[in-house]
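A.B. asks: What follows is start-v6.cif, made up of mmCIF, C-alpha atoms:
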```cif
data_query
#
loop_
_atom_site.label_atom_id
_atom_site.label_comp_id
_atom_site.auth_asym_id
_atom_site.auth_seq_id
_atom_site.Cartn_x
_atom_site.Cartn_y
_atom_site.Cartn_z
CA MET A 1 19.95 -29.47 -11.94
CA ALA A 2 21.93 -27.21 -9.60
CA LEU A 3 21.46 -29.74 -6.78
CA VAL A 4 22.82 -32.56 -8.95
CA GLN A 5 25.85 -30.46 -9.92
CA ARG A 6 26.45 -29.53 -6.28
CA THR A 7 26.21 -33.18 -5.21
CA ALA A 8 28.62 -34.27 -7.96
CA PHE A 9 31.10 -31.55 -6.98
CA THR A 10 30.89 -32.56 -3.29
CA ARG A 11 31.48 -36.22 -4.14
CA TRP A 12 34.40 -35.32 -6.40
CA ARG A 13 35.92 -33.11 -3.70
CA THR A 14 35.52 -35.86 -1.09
CA GLU A 15 37.14 -38.44 -3.34
CA LEU A 16 39.98 -36.10 -4.17
CA PHE A 17 40.59 -35.29 -0.51
CA GLU A 18 40.56 -39.00 0.36
CA SER A 19 43.00 -39.82 -2.42
CA TRP A 20 45.26 -36.98 -1.34
CA SER A 21 45.18 -38.14 2.30
CA LEU A 22 46.10 -41.70 1.31
CA ALA A 23 48.95 -40.41 -0.86
CA LEU A 24 50.22 -38.19 1.96
CA ASP A 25 50.14 -41.09 4.42
CA SER A 26 52.11 -43.24 2.01
CA VAL A 27 54.80 -40.57 1.61
CA ARG A 28 54.90 -39.97 5.39
CA THR A 29 55.44 -43.66 6.19
CA GLN A 30 58.40 -43.94 3.79
CA PRO A 31 60.40 -40.72 4.40
CA THR A 32 63.84 -42.04 3.39
CA ARG A 33 62.61 -43.53 0.12
CA SER A 34 60.58 -40.42 -0.66
CA THR A 35 63.54 -38.11 0.07
CA LEU A 36 65.84 -40.03 -2.27
CA ALA A 37 63.16 -39.89 -4.96
CA ILE A 38 62.79 -36.11 -4.88
CA ILE A 39 66.51 -35.18 -4.77
CA GLY A 40 66.74 -35.19 -8.56
CA ILE A 41 63.68 -32.95 -8.78
CA VAL A 42 65.19 -30.54 -6.25
CA ILE A 43 68.50 -30.33 -8.13
CA GLY A 44 66.75 -29.72 -11.46
CA ILE A 45 64.49 -26.98 -10.11
CA VAL A 46 67.35 -25.24 -8.26
CA THR A 47 69.48 -25.27 -11.40
CA VAL A 48 66.78 -23.80 -13.62
CA VAL A 49 65.61 -21.13 -11.18
CA ILE A 50 69.08 -19.96 -10.12
CA VAL A 51 70.47 -19.71 -13.65
CA ALA A 52 67.30 -18.08 -14.99
CA SER A 53 67.26 -15.59 -12.11
CA VAL A 54 70.93 -14.68 -12.53
CA LEU A 55 70.61 -14.35 -16.30
CA ALA A 56 67.47 -12.21 -15.99
CA GLY A 57 69.10 -9.96 -13.40
CA LEU A 58 72.33 -9.72 -15.38
CA ARG A 59 70.42 -8.96 -18.56
CA ASN A 60 68.52 -6.12 -16.90
CA SER A 61 71.74 -4.72 -15.42
CA VAL A 62 73.56 -4.89 -18.76
CA ALA A 63 70.61 -3.28 -20.52
CA ASP A 64 70.58 -0.45 -17.97
CA LEU A 65 74.36 -0.09 -18.28
CA PHE A 66 74.45 0.43 -22.03
CA ARG A 67 71.20 2.35 -22.30
CA ASP A 68 72.61 4.65 -19.64
CA LEU A 69 75.43 5.44 -22.06
CA GLY A 70 72.90 6.73 -24.58
CA THR A 71 70.37 5.02 -26.81
CA ASP A 72 71.10 7.57 -29.57
CA ASN A 73 74.82 6.87 -29.59
CA VAL A 74 77.07 4.82 -31.84
CA PHE A 75 80.20 3.50 -30.11
CA ALA A 76 83.35 3.26 -32.23
CA PHE A 77 86.47 1.38 -31.13
CA HIS A 78 89.29 -0.24 -33.04
CA LEU A 79 88.76 -3.59 -31.29
CA THR A 80 85.71 -5.81 -30.95
CA GLY A 81 86.02 -6.48 -27.23
CA ASP A 82 85.99 -4.43 -24.07
CA PRO A 83 88.40 -1.45 -24.04
CA TYR A 84 90.04 -2.81 -20.88
CA SER A 85 90.51 -6.33 -22.28
CA PRO A 86 93.58 -7.40 -24.28
CA PRO A 87 92.98 -7.68 -28.03
CA SER A 88 92.48 -11.00 -29.75
CA GLU A 89 95.30 -12.36 -31.86
CA ARG A 90 93.37 -11.49 -35.02
CA GLU A 91 92.95 -7.83 -33.99
CA ALA A 92 96.27 -7.27 -32.21
CA ARG A 93 97.78 -5.34 -35.14
CA ARG A 94 94.93 -2.85 -35.47
CA GLN A 95 95.89 0.74 -34.80
CA PRO A 96 93.81 2.72 -32.28
CA LEU A 97 91.41 5.39 -33.48
CA GLU A 98 92.82 8.91 -33.45
CA PRO A 99 91.27 11.55 -31.15
CA VAL A 100 91.13 13.94 -34.11
CA PHE A 101 88.55 11.63 -35.71
CA ALA A 102 85.94 13.03 -33.32
CA ARG A 103 86.18 16.48 -34.88
CA GLU A 104 86.12 15.06 -38.42
CA LEU A 105 83.04 12.94 -37.74
CA ALA A 106 81.17 15.92 -36.28
CA ARG A 107 82.17 18.09 -39.25
CA ARG A 108 81.37 15.64 -42.06
CA GLY A 109 78.32 13.73 -40.80
CA ASP A 110 74.92 15.11 -41.70
CA ALA A 111 73.07 12.82 -39.27
CA ILE A 112 75.73 13.20 -36.59
CA ARG A 113 74.81 15.64 -33.85
CA ASP A 114 77.98 15.55 -31.73
CA VAL A 115 80.98 13.34 -30.96
CA ALA A 116 82.73 12.75 -27.64
CA LEU A 117 85.90 10.83 -27.05
CA GLN A 118 87.27 8.74 -24.23
CA VAL A 119 90.93 7.78 -23.88
CA ILE A 120 91.74 4.72 -21.78
CA VAL A 121 94.77 5.05 -19.50
CA PRO A 122 96.44 1.68 -18.71
CA SER A 123 96.01 0.59 -15.11
CA VAL A 124 99.77 -0.04 -14.89
CA VAL A 125 102.12 2.82 -15.89
CA ASN A 126 105.92 2.48 -15.84
CA GLY A 127 105.58 -0.80 -14.00
CA ARG A 128 103.43 0.71 -11.23
CA ALA A 129 99.70 0.26 -10.65
CA LEU A 130 97.89 3.59 -10.65
CA THR A 131 96.49 4.59 -7.26
CA ALA A 132 94.47 7.60 -6.15
CA ARG A 133 95.22 9.02 -2.71
CA VAL A 134 93.75 11.66 -0.44
CA GLY A 135 95.62 11.86 2.85
CA SER A 136 95.59 8.36 4.34
CA ALA A 137 92.72 7.20 2.12
CA GLU A 138 93.77 5.31 -0.99
CA SER A 139 92.10 3.47 -3.86
CA ASP A 140 93.98 0.95 -5.96
CA THR A 141 90.89 0.09 -8.01
CA VAL A 142 90.78 3.51 -9.66
CA LEU A 143 90.37 3.56 -13.45
CA VAL A 144 91.78 6.61 -15.20
CA GLU A 145 90.26 7.87 -18.43
CA GLY A 146 90.59 10.96 -20.54
CA ALA A 147 87.31 12.58 -21.52
CA SER A 148 86.37 15.41 -23.84
CA SER A 149 84.46 18.37 -22.44
CA ASN A 150 81.18 17.14 -24.00
CA PHE A 151 81.60 13.51 -22.87
CA PHE A 152 79.33 13.67 -19.82
CA ASP A 153 76.56 15.37 -21.78
CA ILE A 154 76.62 12.75 -24.54
CA VAL A 155 76.64 9.74 -22.18
CA GLY A 156 74.10 11.29 -19.83
CA GLY A 157 76.39 11.58 -16.81
CA GLU A 158 74.49 13.06 -13.85
CA PHE A 159 76.43 15.15 -11.36
CA ALA A 160 75.89 14.83 -7.62
CA ALA A 161 77.91 18.02 -7.25
CA GLY A 162 80.21 20.21 -9.30
CA ARG A 163 80.52 20.37 -13.07
CA PRO A 164 82.17 18.78 -16.12
CA PHE A 165 85.37 20.07 -17.71
CA THR A 166 85.30 23.17 -19.81
CA GLU A 167 86.64 23.18 -23.36
CA LEU A 168 89.37 25.56 -22.24
CA GLU A 169 90.46 23.15 -19.48
CA ASP A 170 90.53 20.36 -22.03
CA ARG A 171 92.72 22.28 -24.48
CA ALA A 172 95.05 23.49 -21.74
CA GLY A 173 95.42 20.02 -20.20
CA ALA A 174 94.37 21.40 -16.82
CA ARG A 175 94.89 19.28 -13.71
CA VAL A 176 91.20 18.86 -12.91
CA ALA A 177 89.14 15.72 -12.48
CA VAL A 178 85.61 14.34 -12.38
CA ILE A 179 85.28 11.28 -10.14
CA GLY A 180 82.75 8.44 -9.94
CA ALA A 181 80.55 7.72 -6.93
CA ASN A 182 82.51 4.72 -5.61
CA LEU A 183 85.83 6.53 -5.90
CA ALA A 184 84.41 9.58 -4.11
CA LYS A 185 83.18 7.37 -1.28
CA ALA A 186 86.53 5.57 -0.99
CA LEU A 187 88.59 8.76 -0.88
CA PHE A 188 86.29 11.21 0.89
CA GLY A 189 83.91 9.01 2.90
CA GLY A 190 80.21 8.40 2.42
CA SER A 191 78.73 10.93 4.82
CA GLY A 192 77.50 13.19 2.05
CA ARG A 193 77.79 13.96 -1.62
CA GLY A 194 79.90 16.82 -2.84
CA ARG A 195 82.61 16.65 -0.16
CA SER A 196 85.16 16.03 -2.91
CA ILE A 197 84.55 19.28 -4.80
CA GLY A 198 87.61 21.56 -4.69
CA GLN A 199 89.73 18.91 -2.98
CA GLN A 200 93.02 17.55 -4.31
CA VAL A 201 93.56 13.95 -5.36
CA LEU A 202 97.11 12.63 -5.77
CA LEU A 203 97.41 10.42 -8.85
CA ASP A 204 100.77 8.95 -9.84
CA GLY A 205 102.63 11.73 -8.07
CA GLU A 206 100.57 14.61 -9.50
CA SER A 207 97.71 16.52 -7.84
CA TYR A 208 94.36 17.05 -9.53
CA TYR A 209 91.52 19.26 -8.31
CA VAL A 210 88.10 17.64 -8.24
CA VAL A 211 85.60 19.79 -10.11
CA GLY A 212 82.79 17.24 -10.42
CA GLU A 213 81.37 14.20 -8.66
CA LEU A 214 78.95 11.85 -10.44
CA VAL A 215 75.95 10.06 -9.03
CA PRO A 216 76.05 6.23 -9.13
CA ARG A 217 75.55 4.97 -12.66
CA ARG A 218 72.73 2.58 -13.47
CA GLY A 219 73.29 -1.04 -14.45
CA GLY A 220 76.52 -2.97 -14.46
CA PHE A 221 77.74 -6.51 -13.88
CA PHE A 222 76.51 -8.08 -10.63
CA GLY A 223 75.64 -4.68 -9.23
CA GLU A 224 78.99 -3.08 -10.07
CA ASN A 225 79.27 -0.33 -12.68
CA ARG A 226 82.85 0.25 -13.69
CA GLN A 227 82.21 3.94 -14.35
CA ASP A 228 81.68 4.50 -10.62
CA ASN A 229 85.41 3.81 -10.09
CA VAL A 230 86.62 6.14 -12.85
CA MET A 231 88.70 9.26 -12.40
CA SER A 232 88.12 11.28 -15.57
CA LEU A 233 90.74 13.80 -16.66
CA PRO A 234 90.65 16.18 -19.62
CA VAL A 235 92.00 14.55 -22.77
CA GLY A 236 94.68 17.26 -22.91
CA ALA A 237 95.86 16.29 -19.42
CA VAL A 238 96.04 12.61 -20.39
CA ARG A 239 98.07 13.43 -23.50
CA ARG A 240 100.48 15.49 -21.41
CA ARG A 241 100.85 13.05 -18.53
CA PHE A 242 100.26 9.55 -19.93
CA SER A 243 101.88 8.93 -23.28
CA GLU A 244 100.97 5.23 -22.94
CA ALA A 245 97.26 6.02 -23.31
CA LYS A 246 96.40 5.16 -26.92
CA ASN A 247 93.06 3.34 -26.91
CA THR A 248 90.33 5.78 -27.90
CA VAL A 249 86.57 5.20 -27.86
CA LEU A 250 84.34 7.54 -29.87
CA TYR A 251 80.76 8.25 -28.76
CA VAL A 252 78.85 9.44 -31.81
CA ARG A 253 75.49 10.99 -30.95
CA SER A 254 72.90 10.98 -33.69
CA GLU A 255 70.27 13.51 -34.57
CA PRO A 256 66.88 12.44 -33.15
CA GLY A 257 65.49 9.44 -35.03
CA ARG A 258 68.55 9.04 -37.28
CA LEU A 259 70.59 6.41 -35.45
CA GLU A 260 70.93 4.04 -38.42
CA GLU A 261 71.97 6.89 -40.71
CA THR A 262 74.54 7.94 -38.12
CA LYS A 263 75.96 4.45 -38.03
CA VAL A 264 76.25 4.32 -41.82
CA GLU A 265 77.88 7.75 -41.96
CA THR A 266 80.27 6.91 -39.13
CA GLU A 267 81.40 3.75 -40.90
CA ALA A 268 81.93 5.56 -44.21
CA ILE A 269 83.86 8.47 -42.65
CA LEU A 270 86.05 6.22 -40.50
CA ARG A 271 86.90 4.09 -43.51
CA GLN A 272 88.04 7.20 -45.32
CA LEU A 273 90.04 8.43 -42.32
CA ARG A 274 91.65 5.00 -41.89
CA GLY A 275 92.51 4.80 -45.59
CA LEU A 276 90.65 1.57 -46.28
CA ALA A 277 90.25 0.51 -49.89
CA PRO A 278 86.82 -0.51 -51.30
CA GLY A 279 86.09 -4.11 -50.38
CA GLU A 280 88.65 -4.10 -47.60
CA PRO A 281 87.10 -5.14 -44.25
CA ASN A 282 86.72 -2.62 -41.44
CA ASP A 283 89.60 -2.43 -38.98
CA PHE A 284 87.30 -0.99 -36.32
CA ASN A 285 84.05 -1.93 -34.64
CA LEU A 286 80.77 -0.03 -34.45
CA SER A 287 77.98 -0.84 -32.03
CA THR A 288 74.89 0.61 -30.38
CA SER A 289 73.25 -0.06 -27.04
CA GLU A 290 70.55 -2.22 -28.60
CA GLN A 291 73.10 -4.25 -30.58
CA ILE A 292 75.14 -4.98 -27.47
CA ILE A 293 72.01 -5.97 -25.54
CA ALA A 294 70.88 -8.21 -28.43
CA THR A 295 74.30 -9.91 -28.46
CA PHE A 296 74.04 -10.51 -24.72
CA ASP A 297 70.54 -11.92 -25.23
CA ARG A 298 71.87 -14.43 -27.74
CA VAL A 299 74.58 -15.53 -25.33
CA SER A 300 72.02 -15.73 -22.51
CA LEU A 301 69.73 -17.84 -24.69
CA ALA A 302 72.53 -20.32 -25.40
CA ILE A 303 73.38 -20.53 -21.69
CA GLY A 304 69.69 -20.88 -20.83
CA LEU A 305 69.17 -23.74 -23.31
CA ALA A 306 72.24 -25.54 -21.96
CA THR A 307 70.90 -25.07 -18.44
CA ILE A 308 67.49 -26.42 -19.39
CA ALA A 309 69.17 -29.46 -20.92
CA LEU A 310 71.14 -30.10 -17.71
CA ALA A 311 68.04 -29.53 -15.61
CA GLY A 312 66.12 -31.90 -17.91
CA VAL A 313 68.65 -34.65 -17.20
CA SER A 314 68.26 -34.03 -13.47
CA LEU A 315 64.45 -34.09 -13.74
CA PHE A 316 64.66 -37.28 -15.81
CA ILE A 317 66.76 -38.93 -13.11
CA GLY A 318 64.32 -37.66 -10.49
CA GLY A 319 61.44 -39.04 -12.56
CA ILE A 320 63.09 -42.48 -12.64
CA GLY A 321 63.45 -42.30 -8.87
CA ILE A 322 59.78 -41.43 -8.44
CA ALA A 323 58.73 -44.21 -10.85
CA ASN A 324 60.78 -46.74 -8.88
CA VAL A 325 59.26 -45.59 -5.61
CA MET A 326 55.76 -45.86 -7.08
CA ILE A 327 56.40 -49.36 -8.46
CA ILE A 328 57.60 -50.51 -5.04
CA SER A 329 54.63 -48.79 -3.42
CA VAL A 330 52.17 -50.55 -5.75
CA THR A 331 53.85 -53.90 -5.12
CA GLU A 332 53.83 -53.47 -1.35
CA ARG A 333 50.19 -52.37 -1.30
CA THR A 334 48.76 -54.95 -3.70
CA ARG A 335 46.44 -56.44 -1.07
CA GLU A 336 45.31 -52.93 -0.01
CA VAL A 337 44.45 -52.09 -3.62
CA GLY A 338 42.62 -55.40 -4.00
CA VAL A 339 40.53 -54.73 -0.88
CA ARG A 340 39.64 -51.21 -2.10
CA ILE A 341 38.51 -52.49 -5.49
CA ALA A 342 36.64 -55.41 -3.92
CA ILE A 343 34.57 -53.13 -1.65
CA GLY A 344 33.59 -50.86 -4.51
CA ALA A 345 36.43 -48.43 -5.24
CA LYS A 346 36.46 -47.49 -8.93
CA ARG A 347 39.62 -48.07 -10.94
CA HIS A 348 39.93 -44.39 -11.85
CA GLU A 349 39.96 -43.61 -8.11
CA VAL A 350 42.90 -45.99 -7.63
CA LEU A 351 44.63 -44.44 -10.65
CA ARG A 352 44.08 -40.97 -9.23
CA GLN A 353 45.37 -41.96 -5.81
CA PHE A 354 48.73 -43.18 -7.12
CA LEU A 355 49.04 -40.27 -9.55
CA LEU A 356 48.46 -37.87 -6.66
CA GLU A 357 51.10 -39.69 -4.67
CA ALA A 358 53.60 -39.26 -7.50
CA MET A 359 52.61 -35.61 -7.91
CA LEU A 360 52.98 -35.11 -4.17
CA LEU A 361 56.54 -36.42 -4.30
CA SER A 362 57.48 -34.26 -7.26
CA GLY A 363 55.56 -31.28 -5.87
CA ILE A 364 57.49 -31.46 -2.61
CA GLY A 365 60.69 -31.58 -4.66
CA GLY A 366 59.57 -28.53 -6.64
CA VAL A 367 58.68 -26.52 -3.52
CA VAL A 368 61.92 -27.45 -1.75
CA GLY A 369 63.91 -26.65 -4.90
CA LEU A 370 62.20 -23.27 -5.24
CA ALA A 371 62.82 -22.48 -1.56
CA ILE A 372 66.52 -23.30 -1.90
CA ALA A 373 66.82 -21.36 -5.17
CA LEU A 374 65.06 -18.29 -3.76
CA GLY A 375 67.28 -18.45 -0.69
CA ILE A 376 70.38 -18.51 -2.88
CA SER A 377 69.00 -15.61 -4.96
CA GLN A 378 68.42 -13.60 -1.80
CA THR A 379 71.98 -14.33 -0.68
CA ILE A 380 73.30 -13.09 -4.02
CA ARG A 381 71.28 -9.89 -3.63
CA TRP A 382 72.67 -9.47 -0.11
CA LEU A 383 76.26 -9.93 -1.30
CA ALA A 384 75.72 -7.66 -4.35
CA PRO A 385 73.06 -5.09 -3.31
CA GLY A 386 72.99 -3.42 -6.71
CA PHE A 387 72.34 -6.66 -8.56
CA SER A 388 68.75 -7.78 -9.06
CA SER A 389 68.71 -11.58 -8.99
CA GLY A 390 65.08 -12.15 -8.05
CA ALA A 391 63.39 -15.04 -9.82
CA PRO A 392 60.91 -13.90 -12.49
CA LEU A 393 57.34 -15.07 -11.96
CA TRP A 394 57.42 -17.18 -15.12
CA VAL A 395 60.43 -19.10 -13.77
CA ILE A 396 58.61 -19.91 -10.52
CA ILE A 397 55.51 -21.06 -12.41
CA ALA A 398 57.60 -23.09 -14.87
CA GLY A 399 59.45 -24.73 -11.99
CA ILE A 400 56.27 -25.86 -10.26
CA VAL A 401 54.65 -27.00 -13.52
CA SER A 402 57.73 -28.97 -14.62
CA ALA A 403 57.97 -30.64 -11.20
CA LEU A 404 54.31 -31.68 -11.22
CA GLY A 405 54.56 -32.74 -14.87
CA THR A 406 57.53 -34.95 -14.03
CA GLY A 407 55.48 -36.58 -11.28
CA ILE A 408 52.55 -37.25 -13.60
CA VAL A 409 54.75 -38.77 -16.32
CA ALA A 410 56.79 -40.83 -13.85
CA GLY A 411 53.80 -42.06 -11.89
CA TYR A 412 51.40 -42.82 -14.72
CA TRP A 413 52.54 -46.35 -15.57
CA PRO A 414 52.70 -47.54 -11.91
CA ALA A 415 49.27 -45.94 -11.33
CA ARG A 416 47.84 -47.73 -14.39
CA ARG A 417 49.33 -50.95 -13.12
CA ALA A 418 47.66 -50.47 -9.73
CA ALA A 419 44.31 -49.57 -11.29
CA GLY A 420 44.43 -52.64 -13.53
CA LEU A 421 44.96 -55.19 -10.75
CA ASP A 422 42.54 -58.12 -10.57
CA PRO A 423 40.98 -57.88 -7.08
CA VAL A 424 40.86 -61.66 -6.68
CA GLU A 425 44.54 -62.07 -7.51
CA ALA A 426 45.41 -58.99 -5.41
CA LEU A 427 43.69 -60.41 -2.33
CA ARG A 428 45.75 -63.61 -2.69
CA TYR A 429 49.00 -61.61 -2.88
CA GLU A 430 51.38 -62.12 0.07
#
```
Before we go any further, please render this structure as structure tokens.

C.D. replies:
Amino acid sequence: MALVQRTAFTRWRTELFESWSLALDSVRTQPTRSTLAIIGIVIGIVTVVIVASVLAGLRNSVADLFRDLGTDNVFAFHLTGDPYSPPSEREARRQPLEPVFARELARRGDAIRDVALQVIVPSVVNGRALTARVGSAESDTVLVEGASSNFFDIVGGEFAAGRPFTELEDRAGARVAVIGANLAKALFGGSGRGRSIGQQVLLDGESYYVVGELVPRRGGFFGENRQDNVMSLPVGAVRRRFSEAKNTVLYVRSEPGRLEETKVETEAILRQLRGLAPGEPNDFNLSTSEQIIATFDRVSLAIGLATIALAGVSLFIGGIGIANVMIISVTERTREVGVRIAIGAKRHEVLRQFLLEAMLLSGIGGVVGLAIALGISQTIRWLAPGFSSGAPLWVIIAGIVSALGTGIVAGYWPARRAAGLDPVEALRYE
């Protein structure tokens, strides 16, 4: 029994190898036609892999970004969008949240553990873009924010050197600052952490002493975390120096395991503080890290489905190209097929040969497409070192499977046509 099985396996392997060799020879003798046939496959695979890789990397970076701000935190802002983005027309009349709301939330909320606040300073003040300068070194990408003394604790800010503000410095509006990793590197060089501590930074004509330097934050967009470019000042200093700074973000930290309760309490208290009547919609927005990530996932899903649809069109066009090539191949090799059948080749062997030829074409397209896509992904990682754009394993497997599947579907009818030829008629074919 074992000998019979071994003999059958050997015969099957020999037949498969022979069919594969014939298919490879056919592709090799018609390189131009074969290349044109696989271009659609290549384009489809590149599209799917690149978009899936970028979305996966961006999703991981965004998840790290917001989870780094605290998974036990509720973020409160008067607008729906990003604090640095202009408001929509529908929300343009909303009034910013008041800094005093932080104290009221902490006092009234039973599930609320602590509240920090962040005040956004406009990047352009009195018609001039804010710049930070130390000697001849200057940064015009600096973002200036006011922060409460407990801000860095609540958002999990890790210090490379120095310390956060004290509550006394906050109340007094002291001219001290905590700077992000990118800003520290731009102003003080990258030879070592902590060189900035105790140094002066000139901001809009006023000097601030650096008391803290943060380590690079996790996550971001395409490897860039905006917080690494921030120069944080005490809220009191921002009130004193920048009257234009109105937009306030509240970071409400919950008691362990009570995040949903914290969100409900925050909404109820803010509605009272904003004087909203029952039934009147909120004029502020509440969110958590997981909500923001879930929203991004929904957007990513929509983009992914659109990409799959576009890639499907490309694969369909590639499949038509492969089907045309296979029909021509069957027509040109009619006498060859007739001879093979006449000397004893089984019809399923002929079918398998042409299917393998179609799969070879589409498989080459899939491999080339993957190679191009992975090369582009590596280039993206080189241009943005902090951004992970590597293709997930499932994307690579799906790319190969879809390419081979396209070949099977496109080549099946021509292969059936070849296998069904009458050997007598085929031998007469000129």

A.B. asks: List every protein, DNA or RNA residue that has at least one atom no more than 9 Å from (91.7, 6.0, -36.9) in the file's coordinates, counting only C-alpha atoms, and write the result as number ranges by chain.

C.D. replies: A: 78, 95-101, 270-271, 273-275, 283-284

A.B. asks: Those residues with C-alpha atoms, as an mmCIF file, in the coordinates of the input please?

C.D. replies:
```
data_model
loop_
_atom_site.group_PDB
_atom_site.id
_atom_site.type_symbol
_atom_site.label_atom_id
_atom_site.label_comp_id
_atom_site.auth_asym_id
_atom_site.auth_seq_id
_atom_site.Cartn_x
_atom_site.Cartn_y
_atom_site.Cartn_z
ATOM 1 C CA HIS A 78 89.290 -0.240 -33.040
ATOM 2 C CA GLN A 95 95.890 0.740 -34.800
ATOM 3 C CA PRO A 96 93.810 2.720 -32.280
ATOM 4 C CA LEU A 97 91.410 5.390 -33.480
ATOM 5 C CA GLU A 98 92.820 8.910 -33.450
ATOM 6 C CA PRO A 99 91.270 11.550 -31.150
ATOM 7 C CA VAL A 100 91.130 13.940 -34.110
ATOM 8 C CA PHE A 101 88.550 11.630 -35.710
ATOM 9 C CA LEU A 270 86.050 6.220 -40.500
ATOM 10 C CA ARG A 271 86.900 4.090 -43.510
ATOM 11 C CA LEU A 273 90.040 8.430 -42.320
ATOM 12 C CA ARG A 274 91.650 5.000 -41.890
ATOM 13 C CA GLY A 275 92.510 4.800 -45.590
ATOM 14 C CA ASP A 283 89.600 -2.430 -38.980
ATOM 15 C CA PHE A 284 87.300 -0.990 -36.320
#
```

A.B. asks: When the PyMOL selection byres ((chain A and resi 161) around 10) is applied to the structure above, which residues does it catch, written out as a PDB file with C-alpha atoms, in the coordinates of the input?

C.D. replies:
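Output saved as out-v9.pdb:
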```
ATOM      1  CA  GLU A 158      74.490  13.060 -13.850  1.00  0.00           C
ATOM      2  CA  PHE A 159      76.430  15.150 -11.360  1.00  0.00           C
ATOM      3  CA  ALA A 160      75.890  14.830  -7.620  1.00  0.00           C
ATOM      4  CA  GLY A 162      80.210  20.210  -9.300  1.00  0.00           C
ATOM      5  CA  ARG A 163      80.520  20.370 -13.070  1.00  0.00           C
ATOM      6  CA  PRO A 164      82.170  18.780 -16.120  1.00  0.00           C
ATOM      7  CA  VAL A 178      85.610  14.340 -12.380  1.00  0.00           C
ATOM      8  CA  ARG A 193      77.790  13.960  -1.620  1.00  0.00           C
ATOM      9  CA  GLY A 194      79.900  16.820  -2.840  1.00  0.00           C
ATOM     10  CA  ARG A 195      82.610  16.650  -0.160  1.00  0.00           C
ATOM     11  CA  SER A 196      85.160  16.030  -2.910  1.00  0.00           C
ATOM     12  CA  ILE A 197      84.550  19.280  -4.800  1.00  0.00           C
ATOM     13  CA  VAL A 211      85.600  19.790 -10.110  1.00  0.00           C
ATOM     14  CA  GLY A 212      82.790  17.240 -10.420  1.00  0.00           C
ATOM     15  CA  GLU A 213      81.370  14.200  -8.660  1.00  0.00           C
ATOM     16  CA  LEU A 214      78.950  11.850 -10.440  1.00  0.00           C
ATOM     17  CA  VAL A 215      75.950  10.060  -9.030  1.00  0.00           C
TER      18      VAL A 215
END
```

A.B. asks: Which one of A:Ala371, A:Val401, A:Gly312, A:Thr334 sits closest to A:Ala419 if you count only C-alpha atoms?

C.D. replies: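 Distance minimum relative to A:Ala419 lands on A:Thr334.
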
A.B. asks: Given the choices A:Asn324, A:Thr262, A:Thr71, A:Thr141, which gets closest to A:Leu105 if the distance is worked out from all atoms listed in the file?

C.D. replies: A:Thr262

A.B. asks: Name every residue that the PyMOL selection byres ((chain A and resi 146) around 8) selects in this structure, writing the answer as a list of chain:residue names with chains first and numbers rising.

C.D. replies: A:Gln118, A:Val119, A:Ile120, A:Val121, A:Val144, A:Glu145, A:Ala147, A:Ser148, A:Ser232, A:Leu233, A:Pro234, A:Val235, A:Gly236, A:Ala237, A:Val238

A.B. asks: Report, in Å to a single decimal, how far apart atom CA of A:Gly205 and atom CA of A:Arg175 are.

C.D. replies: 12.2 Å

A.B. asks: Just how far from atom CA of A:Leu374 is atom CA of A:Leu355, in Å to one decimal?

C.D. replies: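 Atom-to-atom, atom CA of A:Leu355 to atom CA of A:Leu374, that is 27.8 Å.
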
A.B. asks: Where does the PyMOL selection byres ((chain A and resi 201) around 8) land in this file, that is, which residues does it pick, as a tab-separated table (two decimals) with C-alpha atoms, keeping the file's coordinate frame?

C.D. replies:
```tsv
chain	number	residue	atom	x	y	z
A	132	ALA	CA	94.47	7.60	-6.15
A	133	ARG	CA	95.22	9.02	-2.71
A	134	VAL	CA	93.75	11.66	-0.44
A	199	GLN	CA	89.73	18.91	-2.98
A	200	GLN	CA	93.02	17.55	-4.31
A	202	LEU	CA	97.11	12.63	-5.77
A	203	LEU	CA	97.41	10.42	-8.85
A	207	SER	CA	97.71	16.52	-7.84
A	208	TYR	CA	94.36	17.05	-9.53
A	209	TYR	CA	91.52	19.26	-8.31
A	210	VAL	CA	88.10	17.64	-8.24
```

A.B. asks: Just how far from atom CA of A:Lys346 is atom CA of A:Gly319, in Å to one decimal?

C.D. replies: 26.6 Å

A.B. asks: With only C-alpha atoms as the counted atoms, please give the residues lying no more than 12 Å from A:Ala306, apart from itself and same-chain residues fewer than 4 positions off, as an NGL selection string.

C.D. replies: :A and (47-48 or 51-52 or 299-302 or 310-313)

A.B. asks: Which one of A:Leu361, A:Ala137, A:Val409, A:Leu58 sits closest to A:Arg28 if you count only C-alpha atoms?

C.D. replies: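 Checking each of A:Leu361, A:Ala137, A:Val409, A:Leu58 against A:Arg28, counting only C-alpha atoms, the winner is A:Leu361.
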
A.B. asks: Every residue with an atom at most 9 Å from (82.5, 1.2, -4.3) (file coordinates; only C-alpha atoms) is what I'm after, so could you write them as a PyMOL selection string?

C.D. replies: chain A and resi 181-186+224+228-229

A.B. asks: Identify, on the basis of only C-alpha atoms, every residue whose closest approach to A:Tyr251 does not exceed 8 Å; exclude the query and any residue fewer than 2 positions from it along the same chain; express the result as a CSV table (one decimal) with C-alpha atoms, keeping the file's coordinate frame.

C.D. replies:
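Okay, this is what ended up in selection38.csv:
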```csv
chain,number,residue,atom,x,y,z
A,73,ASN,CA,74.8,6.9,-29.6
A,74,VAL,CA,77.1,4.8,-31.8
A,75,PHE,CA,80.2,3.5,-30.1
A,76,ALA,CA,83.4,3.3,-32.2
A,115,VAL,CA,81.0,13.3,-31.0
A,116,ALA,CA,82.7,12.8,-27.6
A,117,LEU,CA,85.9,10.8,-27.0
A,118,GLN,CA,87.3,8.7,-24.2
A,151,PHE,CA,81.6,13.5,-22.9
A,154,ILE,CA,76.6,12.8,-24.5
A,155,VAL,CA,76.6,9.7,-22.2
A,249,VAL,CA,86.6,5.2,-27.9
A,253,ARG,CA,75.5,11.0,-31.0
```
